[in-house]
Structure formats: structure tokens, C-alpha cells
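*Asks:* Hey, dropping structure21.cif in here, mmCIF, C-alpha atoms:
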data_structure
#
loop_
_atom_site.label_atom_id
_atom_site.label_comp_id
_atom_site.auth_asym_id
_atom_site.auth_seq_id
_atom_site.Cartn_x
_atom_site.Cartn_y
_atom_site.Cartn_z
CA PRO A 1378 129.79 127.31 -46.86
CA PRO A 1379 133.02 126.34 -45.08
CA PRO A 1380 135.78 124.68 -47.09
CA ALA A 1381 135.93 120.96 -47.61
CA PRO A 1382 139.53 119.77 -47.23
CA THR A 1383 140.37 116.40 -48.67
CA PRO A 1384 143.50 114.80 -47.20
CA HIS A 1385 144.42 112.91 -50.32
CA PRO A 1386 144.47 113.53 -54.10
CA LEU A 1387 140.96 113.53 -55.55
CA TRP A 1388 141.73 112.79 -59.17
CA SER A 1389 140.00 109.43 -58.96
CA ARG A 1390 137.99 109.43 -55.77
CA GLY A 1391 134.88 111.37 -54.93
CA LEU A 1392 135.73 113.92 -57.56
CA GLY A 1393 132.24 114.21 -59.03
CA ASP A 1394 130.64 114.71 -55.63
CA VAL A 1395 133.21 117.36 -54.74
CA TYR A 1396 132.50 119.12 -58.04
CA LYS A 1397 128.78 119.19 -57.26
CA ARG A 1398 129.50 120.68 -53.82
CA GLN A 1399 131.74 123.27 -55.45
CA LEU A 1400 129.01 124.20 -57.91
CA ALA A 1401 126.68 124.67 -54.94
CA GLY A 1402 129.09 127.20 -53.45
CA ALA A 1403 131.43 125.19 -51.24
CA HIS A 1404 135.03 126.34 -50.91
CA VAL A 1405 137.07 123.25 -51.76
CA ILE A 1406 140.67 122.64 -50.73
CA ALA A 1407 142.62 119.66 -52.03
CA ALA A 1408 144.91 118.62 -49.18
CA ILE A 1409 147.46 116.17 -50.59
CA VAL A 1410 149.53 114.16 -48.13
CA ASN A 1411 152.01 112.16 -50.23
CA ASP A 1412 154.23 113.59 -52.93
CA GLY A 1413 153.64 110.92 -55.59
CA ARG A 1414 157.28 110.00 -56.21
CA GLY A 1415 156.49 106.30 -55.91
CA SER A 1416 154.22 106.16 -58.96
CA GLY A 1417 155.40 107.53 -62.28
CA PRO A 1418 157.22 106.85 -65.56
CA ASP A 1419 160.43 104.83 -65.41
CA GLY A 1420 163.52 106.98 -65.50
CA MET A 1421 161.96 110.21 -64.17
CA ASP A 1422 163.90 111.50 -61.18
CA ASP A 1423 162.08 112.10 -57.91
CA ALA A 1424 162.18 115.90 -57.93
CA MET A 1425 160.82 116.10 -61.47
CA LEU A 1426 158.09 113.57 -60.72
CA VAL A 1427 156.98 115.35 -57.55
CA SER A 1428 156.75 118.63 -59.47
CA GLU A 1429 154.81 116.98 -62.29
CA ARG A 1430 152.36 115.31 -59.90
CA GLU A 1431 151.64 118.66 -58.25
CA ASN A 1432 151.08 120.28 -61.65
CA GLU A 1433 148.68 117.47 -62.53
CA ALA A 1434 146.72 118.07 -59.33
CA ARG A 1435 146.46 121.78 -60.09
CA ASN A 1436 145.31 121.10 -63.66
CA ALA A 1437 142.63 118.70 -62.41
CA GLY A 1438 141.52 121.32 -59.90
CA LYS A 1439 141.04 123.87 -62.66
CA ILE A 1440 138.69 121.49 -64.47
CA ILE A 1441 136.67 120.95 -61.31
CA GLY A 1442 136.67 124.67 -60.59
CA PHE A 1443 138.93 125.15 -57.58
CA SER A 1444 142.51 126.30 -57.19
CA ASP A 1445 143.34 125.82 -53.50
CA HIS A 1446 145.85 123.03 -52.93
CA ALA A 1447 147.88 122.19 -49.85
CA PHE A 1448 150.81 119.79 -50.30
CA ALA A 1449 152.41 118.06 -47.32
CA ARG A 1450 155.09 116.57 -49.64
CA ILE A 1451 155.56 113.45 -47.53
CA PRO A 1452 157.43 110.83 -49.61
CA ASP A 1453 155.37 107.86 -50.76
CA ARG A 1454 155.59 104.79 -48.56
CA SER A 1455 157.08 106.91 -45.77
CA GLN A 1456 156.14 105.89 -42.25
CA HIS A 1457 158.67 108.24 -40.63
CA SER A 1458 156.89 111.55 -41.17
CA TRP A 1459 154.14 111.19 -38.60
CA GLY A 1460 154.93 114.40 -36.73
CA GLN A 1461 155.26 116.39 -39.94
CA GLY A 1462 151.96 115.04 -41.23
CA ARG A 1463 150.04 115.73 -38.04
CA ALA A 1464 151.35 119.28 -37.72
CA TRP A 1465 150.50 120.00 -41.37
CA LEU A 1466 146.99 118.58 -41.13
CA ARG A 1467 146.25 120.30 -37.82
CA SER A 1468 147.29 123.64 -39.29
CA LEU A 1469 144.85 123.13 -42.18
CA LEU A 1470 141.96 122.12 -39.93
CA ASP A 1471 142.57 125.05 -37.59
CA ALA A 1472 142.96 127.57 -40.41
CA HIS A 1473 139.93 126.56 -42.48
CA GLN A 1474 137.48 125.08 -39.98
CA PRO A 1475 135.85 122.66 -42.44
CA GLU A 1476 132.48 121.03 -41.98
CA PHE A 1477 133.03 118.27 -44.54
CA VAL A 1478 136.15 116.17 -45.09
CA TYR A 1479 136.78 113.56 -47.78
CA ALA A 1480 139.33 110.81 -47.18
CA PRO A 1481 140.28 107.25 -48.13
CA SER A 1482 138.33 104.64 -46.21
CA PRO A 1483 139.69 102.89 -43.09
CA ILE A 1484 139.60 99.56 -44.96
CA ASP A 1485 141.73 100.76 -47.87
CA GLU A 1486 144.73 98.48 -48.35
CA HIS A 1487 147.23 100.93 -49.87
CA ALA A 1488 150.00 101.89 -47.42
CA ASP A 1489 149.87 105.61 -48.21
CA HIS A 1490 146.09 105.67 -47.85
CA VAL A 1491 146.37 103.86 -44.51
CA PHE A 1492 148.84 106.55 -43.41
CA THR A 1493 146.41 109.30 -44.47
CA VAL A 1494 143.50 107.69 -42.63
CA ARG A 1495 145.55 107.37 -39.45
CA LEU A 1496 146.66 111.00 -39.66
CA LEU A 1497 143.09 112.20 -40.01
CA ALA A 1498 141.78 109.91 -37.27
CA ALA A 1499 144.48 111.12 -34.86
CA GLU A 1500 143.67 114.78 -35.48
CA LEU A 1501 139.90 114.30 -35.29
CA GLU A 1502 140.28 112.33 -32.08
CA ALA A 1503 142.39 115.11 -30.58
CA ASN A 1504 140.02 117.85 -31.72
CA ALA A 1505 137.28 117.40 -34.32
CA GLY A 1506 136.55 121.12 -34.19
CA SER A 1507 134.11 122.18 -36.89
CA VAL A 1508 134.14 118.85 -38.75
CA ARG A 1509 130.72 117.24 -38.68
CA GLU A 1510 130.97 114.77 -41.55
CA VAL A 1511 133.65 112.53 -43.06
CA SER A 1512 133.00 110.96 -46.47
CA CYS A 1513 135.24 108.00 -47.28
CA TYR A 1514 135.69 107.18 -50.94
CA GLU A 1515 136.77 104.06 -52.82
CA VAL A 1516 140.35 103.72 -53.97
CA TRP A 1517 141.90 100.23 -53.84
CA THR A 1518 139.25 98.54 -51.73
CA PRO A 1519 135.51 98.62 -52.55
CA LEU A 1520 133.14 99.96 -49.91
CA VAL A 1521 129.81 98.87 -48.58
CA PRO A 1522 128.41 102.38 -49.06
CA ASN A 1523 125.74 104.22 -47.11
CA ARG A 1524 125.66 107.11 -49.61
CA VAL A 1525 125.66 106.90 -53.40
CA VAL A 1526 125.70 110.11 -55.42
CA ASP A 1527 124.49 110.50 -59.00
CA ILE A 1528 127.28 112.34 -60.83
CA SER A 1529 125.95 111.73 -64.36
CA SER A 1530 125.72 115.46 -65.01
CA VAL A 1531 129.40 116.02 -64.20
CA ALA A 1532 130.88 112.70 -65.36
CA GLU A 1533 132.69 114.27 -68.31
CA GLN A 1534 134.39 116.78 -66.01
CA LYS A 1535 135.55 113.84 -63.90
CA ARG A 1536 136.85 112.07 -67.00
CA ARG A 1537 138.77 115.17 -68.09
CA ALA A 1538 140.22 115.59 -64.62
CA ILE A 1539 141.45 111.98 -64.65
CA GLN A 1540 143.04 112.64 -68.02
CA SER A 1541 144.97 115.50 -66.39
CA TYR A 1542 147.23 112.88 -64.76
CA PRO A 1543 149.30 111.56 -67.69
CA THR A 1544 151.96 110.14 -65.33
CA GLN A 1545 149.26 107.74 -64.17
CA THR A 1546 147.06 107.19 -67.22
CA ALA A 1547 150.10 106.27 -69.34
CA ARG A 1548 150.89 103.40 -66.98
CA SER A 1549 147.49 101.67 -66.97
CA ASN A 1550 143.86 102.07 -67.95
CA ILE A 1551 142.97 104.10 -64.87
CA GLU A 1552 140.40 106.15 -66.75
CA GLY A 1553 138.55 103.03 -67.86
CA ALA A 1554 138.70 101.47 -64.42
CA LEU A 1555 137.39 104.54 -62.61
CA MET A 1556 134.67 105.42 -65.08
CA GLY A 1557 133.71 101.74 -65.16
CA LEU A 1558 133.37 101.76 -61.39
CA GLY A 1559 131.12 104.79 -61.71
CA ALA A 1560 128.94 102.99 -64.24
CA PHE A 1561 128.72 99.95 -61.96
CA ARG A 1562 127.73 102.03 -58.93
CA ALA A 1563 125.08 103.83 -60.98
CA HIS A 1564 123.53 100.63 -62.30
CA ARG A 1565 123.78 98.75 -59.01
CA HIS A 1566 122.40 101.44 -56.73
CA LEU A 1567 120.50 104.05 -58.73
CA GLY A 1568 119.00 102.28 -61.72
CA ALA A 1569 119.37 102.15 -65.48
CA SER A 1570 118.57 105.83 -66.05
CA THR A 1571 121.74 106.88 -64.17
CA THR A 1572 125.03 106.58 -66.05
CA CYS A 1573 127.66 107.42 -63.41
CA ALA A 1574 127.72 107.47 -59.61
CA GLU A 1575 130.14 107.58 -56.70
CA ALA A 1576 129.86 105.54 -53.51
CA PHE A 1577 130.84 106.68 -50.01
CA TRP A 1578 130.81 105.63 -46.42
CA THR A 1579 129.72 108.88 -44.79
CA THR A 1580 129.76 109.22 -41.04
CA ASP A 1581 130.49 111.54 -38.14
CA PRO A 1582 134.08 112.13 -36.94
CA GLN A 1583 133.64 109.99 -33.83
CA ALA A 1584 132.57 106.91 -35.81
CA PHE A 1585 135.38 107.47 -38.31
CA VAL A 1586 137.92 107.52 -35.48
CA ARG A 1587 136.43 104.42 -33.86
CA VAL A 1588 136.40 102.36 -37.04
CA SER A 1589 139.91 103.54 -37.95
CA HIS A 1590 141.15 102.12 -34.66
CA GLU A 1591 139.30 98.82 -35.13
CA VAL A 1592 140.53 97.81 -38.59
#
Render the structure in this file as C-alpha cells.
*Replies:*
Amino acid sequence: PPPAPTPHPLWSRGLGDVYKRQLAGAHVIAAIVNDGRGSGPDGMDDAMLVSERENEARNAGKIIGFSDHAFARIPDRSQHSWGQGRAWLRSLLDAHQPEFVYAPSPIDEHADHVFTVRLLAAELEANAGSVREVSCYEVWTPLVPNRVVDISSVAEQKRRAIQSYPTQTARSNIEGALMGLGAFRAHRHLGASTTCAEAFWTTDPQAFVRVSHEV
């Protein structure tokens, strides 16, 4: 199957579903917009932190079973790299012709995630190409999902991938929060026999663009 670019780090979001697609034969590319310098241990200089965040992403990818990463290296909280971001994302979409794209949701409140959503919406509006489905995952803002995926069988791989980000897990209980969210989604939507699930708003590119403009 065609690759499934994801214009944001997947260490916490949609990772189990991506792993299941990868096991089914999909070629997965992690397309990472921001460089991560805004979130790390106190005292670590920017260059070292950016390098460490990229190494963490690669290590998580190995656990999930893919090694293709594309880094735009746009500084966190930067709103002045629009042209760079669009050119980078367009080159990825043109080169790989994906059918499925994962992204933060249009209602996410984090500034970097808003930037990512707007980049993707702009490129899909200009030319959706081969993309036929966009799956938006939960980060800072919960979704009202239209697709919930049982990831119980790969939950431990997700946990290990989260643990591959020590610059983040050392700062707060991210592992507990994310695995707890998975347990909640499983119980709420799929029943007591399911232990972990991920929730998405999955739609076509046109609806994604429209909603991105409206919120």
C-alpha cells in the first residue's frame, strides 16, 4: 500500500493504529514538523535538544517497525516559517503519494499543532492528490470521535515507544496519561473486554480543509 505520512510526531498519538497499519503492509513515514526545542530538560541547549528529540523519534520508529522519518526542523512556537513548511510538506506529498494521512485535529489548542493543521489544510486545499483519508488524533484536546480502534494487541509496543522519549517522560507522567486515555477510550467505546483503544476523527481531505477553516 502507499505510504502514510504523519505531519507530526506520533509518539503519543495514533501510534497503535499506525503500528497495525504497518503490520498489514503499509509503508509508514513519520513527517515531523517542529524540532522540539521548546520542550526538554532545563539547561540543555537548543542544538543538543533538537538532536536528542530526533533520536527519540527514530528509536520509537524502530519499536513500531518503520525507519522513514522526514524532519522539517521548524522551531517550536515559530509562526514565521510558513513558506518553508509548505514547501517541505508539498515535496513529501508529491514524492510519496499517500492515501492516508494522520494529523492533529483542527480543534487542538497547542500552537504548534495548530500550525501543523494549517499547513496540511493549505496543501490539501491546493492539491489533495492521492490523499483520500485524514485521521485526526487526540493530543491536547479530546475529540468527539467517529472511529475508535482497538489497539489492545499492540498496547505494549505503544508503551515502549512512549518510553523512548526520556526528554518528555522525565518531565511529567506522559506515559500514564496516554495509556490512561487509551484505557478510557477502550472502556467507553468498545467494552470491558478491550484494554486499550485510540480515538480519531477520520474524514476526507475536503471536509478536513473545511473544518480547519471554520475553527
*Asks:* List every residue of segment 1402-1431 of chain A that has an atom at most 10 Å from any atom of segment 1493-1496 of chain A, giving for each one its closest atom pair and the distance in Å to one decimal, counting all atoms listed in the file, sorted by chain and then by ascending residue number, as CSV.
*Replies:*
residue,atom,partner,partner_atom,distance
A:Ile1409,CA,A:Thr1493,CA,9.3
A:Val1410,CA,A:Thr1493,CA,6.8
A:Asn1411,CA,A:Thr1493,CA,8.5
*Asks:* Expand the PyMOL selection byres ((chain A and resi 1562) around 12) into the individual residues it matches in the shown file, reporting them as a PyMOL selection string.
*Replies:* chain A and resi 1515+1519-1522+1524-1529+1555-1561+1563-1569+1571-1577
*Asks:* So which one's closest to His1487 of chain A, A:His1446, A:Arg1435, A:Arg1548, A:Arg1454? Using only C-alpha atoms, please.
*Replies:*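 The answer is A:Arg1454, which sits nearest to His1487 of chain A.
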*Asks:* One decimal, Å: what's the distance from atom CA of Ser1468 of chain A over to atom CA of Gln1399 of chain A, could you say?
*Replies:*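 A separation of 22.4 Å between them.
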*Asks:* Under the rule that all atoms listed in the file are counted, which of A:Ala1403, A:Ser1570, A:Ala1547, A:Ala1538 is the nearest residue to Glu1433 of chain A?
*Replies:*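 That would be A:Ala1538, the residue with the smallest distance to Glu1433 of chain A.
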*Asks:* For a quick check of understanding, using all atoms listed in the file, which of A:Asn1523, A:Val1511, A:Arg1536, A:Pro1543 has the smallest distance to Thr1580 of chain A?
*Replies:*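 Ranked by minimum distance to Thr1580 of chain A, first place goes to A:Val1511.
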*Asks:* Taking all atoms of segment 1472-1479 of chain A that appear in the file, build a box with edges along x, y and z, extend it by 8 Å on every side, and state its centre and edge lengths in Å to one decimal, as AutoDock Vina command-line options.
*Replies:*
--center_x 137.7 --center_y 120.6 --center_z -43.9 --size_x 26.5 --size_y 30.0 --size_z 23.8
*Asks:* Quick one: segment 1518-1534 of chain A with all heavy atoms, as a compact mmCIF listing (two decimals), in the first residue's frame?
*Replies:*
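As a result, part.txt now contains:
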# COMPACT_ATOMS: atom_id res chain seq x y z
N THR A 1518 -6.44 18.25 23.11
CA THR A 1518 -7.87 18.48 23.17
C THR A 1518 -8.61 17.20 22.80
O THR A 1518 -8.42 16.68 21.70
CB THR A 1518 -8.28 19.61 22.21
OG1 THR A 1518 -7.45 20.75 22.47
CG2 THR A 1518 -9.73 19.97 22.36
N PRO A 1519 -9.48 16.67 23.66
CA PRO A 1519 -10.22 15.45 23.34
C PRO A 1519 -11.13 15.63 22.13
O PRO A 1519 -11.63 16.72 21.86
CB PRO A 1519 -11.04 15.17 24.60
CG PRO A 1519 -10.34 15.91 25.68
CD PRO A 1519 -9.76 17.13 25.04
N LEU A 1520 -11.31 14.55 21.41
CA LEU A 1520 -12.16 14.54 20.23
C LEU A 1520 -13.54 13.98 20.55
O LEU A 1520 -13.72 13.25 21.52
CB LEU A 1520 -11.54 13.64 19.15
CG LEU A 1520 -10.29 14.13 18.44
CD1 LEU A 1520 -9.69 12.97 17.64
CD2 LEU A 1520 -10.61 15.29 17.52
N VAL A 1521 -14.49 14.30 19.67
CA VAL A 1521 -15.71 13.50 19.55
C VAL A 1521 -15.45 12.59 18.36
O VAL A 1521 -15.56 13.01 17.21
CB VAL A 1521 -16.95 14.39 19.33
CG1 VAL A 1521 -18.18 13.51 19.15
CG2 VAL A 1521 -17.13 15.35 20.48
N PRO A 1522 -15.03 11.35 18.61
CA PRO A 1522 -14.52 10.52 17.52
C PRO A 1522 -15.62 9.89 16.67
O PRO A 1522 -16.74 9.66 17.13
CB PRO A 1522 -13.74 9.43 18.26
CG PRO A 1522 -14.45 9.30 19.57
CD PRO A 1522 -14.93 10.69 19.92
N ASN A 1523 -15.27 9.60 15.42
CA ASN A 1523 -16.12 8.78 14.57
C ASN A 1523 -15.46 7.45 14.23
O ASN A 1523 -16.01 6.65 13.48
CB ASN A 1523 -16.52 9.53 13.30
CG ASN A 1523 -15.34 9.89 12.42
OD1 ASN A 1523 -14.19 9.54 12.72
ND2 ASN A 1523 -15.60 10.60 11.34
N ARG A 1524 -14.24 7.23 14.78
CA ARG A 1524 -13.56 5.95 14.61
C ARG A 1524 -12.75 5.67 15.86
O ARG A 1524 -11.97 6.51 16.30
CB ARG A 1524 -12.65 5.99 13.38
CG ARG A 1524 -12.00 4.65 13.06
CD ARG A 1524 -11.36 4.67 11.66
NE ARG A 1524 -10.14 5.45 11.63
CZ ARG A 1524 -8.92 4.95 11.77
NH1 ARG A 1524 -8.76 3.64 11.96
NH2 ARG A 1524 -7.86 5.72 11.71
N VAL A 1525 -12.97 4.50 16.44
CA VAL A 1525 -12.22 4.07 17.61
C VAL A 1525 -11.61 2.71 17.30
O VAL A 1525 -12.32 1.80 16.87
CB VAL A 1525 -13.11 4.00 18.87
CG1 VAL A 1525 -12.30 3.50 20.07
CG2 VAL A 1525 -13.72 5.36 19.17
N VAL A 1526 -10.31 2.61 17.51
CA VAL A 1526 -9.57 1.41 17.09
C VAL A 1526 -9.06 0.66 18.31
O VAL A 1526 -8.41 1.25 19.20
CB VAL A 1526 -8.38 1.80 16.19
CG1 VAL A 1526 -7.59 0.56 15.77
CG2 VAL A 1526 -8.86 2.56 14.96
N ASP A 1527 -9.34 -0.62 18.37
CA ASP A 1527 -8.83 -1.49 19.43
C ASP A 1527 -7.34 -1.73 19.18
O ASP A 1527 -6.95 -2.32 18.18
CB ASP A 1527 -9.59 -2.82 19.41
CG ASP A 1527 -9.11 -3.80 20.46
OD1 ASP A 1527 -8.22 -3.45 21.27
OD2 ASP A 1527 -9.64 -4.93 20.48
N ILE A 1528 -6.49 -1.24 20.09
CA ILE A 1528 -5.05 -1.47 19.95
C ILE A 1528 -4.53 -2.34 21.09
O ILE A 1528 -3.33 -2.32 21.39
CB ILE A 1528 -4.27 -0.15 19.86
CG1 ILE A 1528 -4.37 0.63 21.17
CG2 ILE A 1528 -4.73 0.69 18.67
CD1 ILE A 1528 -3.26 1.66 21.34
N SER A 1529 -5.41 -3.10 21.73
CA SER A 1529 -5.00 -3.92 22.87
C SER A 1529 -3.82 -4.82 22.53
O SER A 1529 -2.91 -5.00 23.35
CB SER A 1529 -6.18 -4.77 23.35
OG SER A 1529 -7.29 -3.97 23.69
N SER A 1530 -3.81 -5.35 21.32
CA SER A 1530 -2.78 -6.31 20.94
C SER A 1530 -1.41 -5.66 20.74
O SER A 1530 -0.39 -6.36 20.72
CB SER A 1530 -3.18 -7.05 19.66
OG SER A 1530 -3.30 -6.14 18.57
N VAL A 1531 -1.38 -4.34 20.59
CA VAL A 1531 -0.11 -3.65 20.37
C VAL A 1531 0.13 -2.57 21.42
O VAL A 1531 1.02 -1.72 21.27
CB VAL A 1531 -0.04 -3.03 18.95
CG1 VAL A 1531 -0.10 -4.12 17.89
CG2 VAL A 1531 -1.15 -2.01 18.73
N ALA A 1532 -0.62 -2.61 22.52
CA ALA A 1532 -0.51 -1.57 23.54
C ALA A 1532 0.88 -1.52 24.16
O ALA A 1532 1.39 -0.43 24.47
CB ALA A 1532 -1.57 -1.78 24.62
N GLU A 1533 1.51 -2.67 24.35
CA GLU A 1533 2.84 -2.66 24.97
C GLU A 1533 3.87 -2.05 24.04
O GLU A 1533 4.81 -1.39 24.50
CB GLU A 1533 3.23 -4.08 25.39
CG GLU A 1533 2.55 -4.53 26.65
CD GLU A 1533 2.68 -3.50 27.79
OE1 GLU A 1533 3.83 -3.13 28.11
OE2 GLU A 1533 1.65 -3.08 28.33
N GLN A 1534 3.72 -2.24 22.72
CA GLN A 1534 4.62 -1.56 21.79
C GLN A 1534 4.45 -0.05 21.88
O GLN A 1534 5.42 0.71 21.82
CB GLN A 1534 4.38 -2.05 20.36
CG GLN A 1534 4.96 -3.42 20.05
CD GLN A 1534 4.01 -4.54 20.44
OE1 GLN A 1534 3.00 -4.32 21.11
NE2 GLN A 1534 4.34 -5.75 20.00
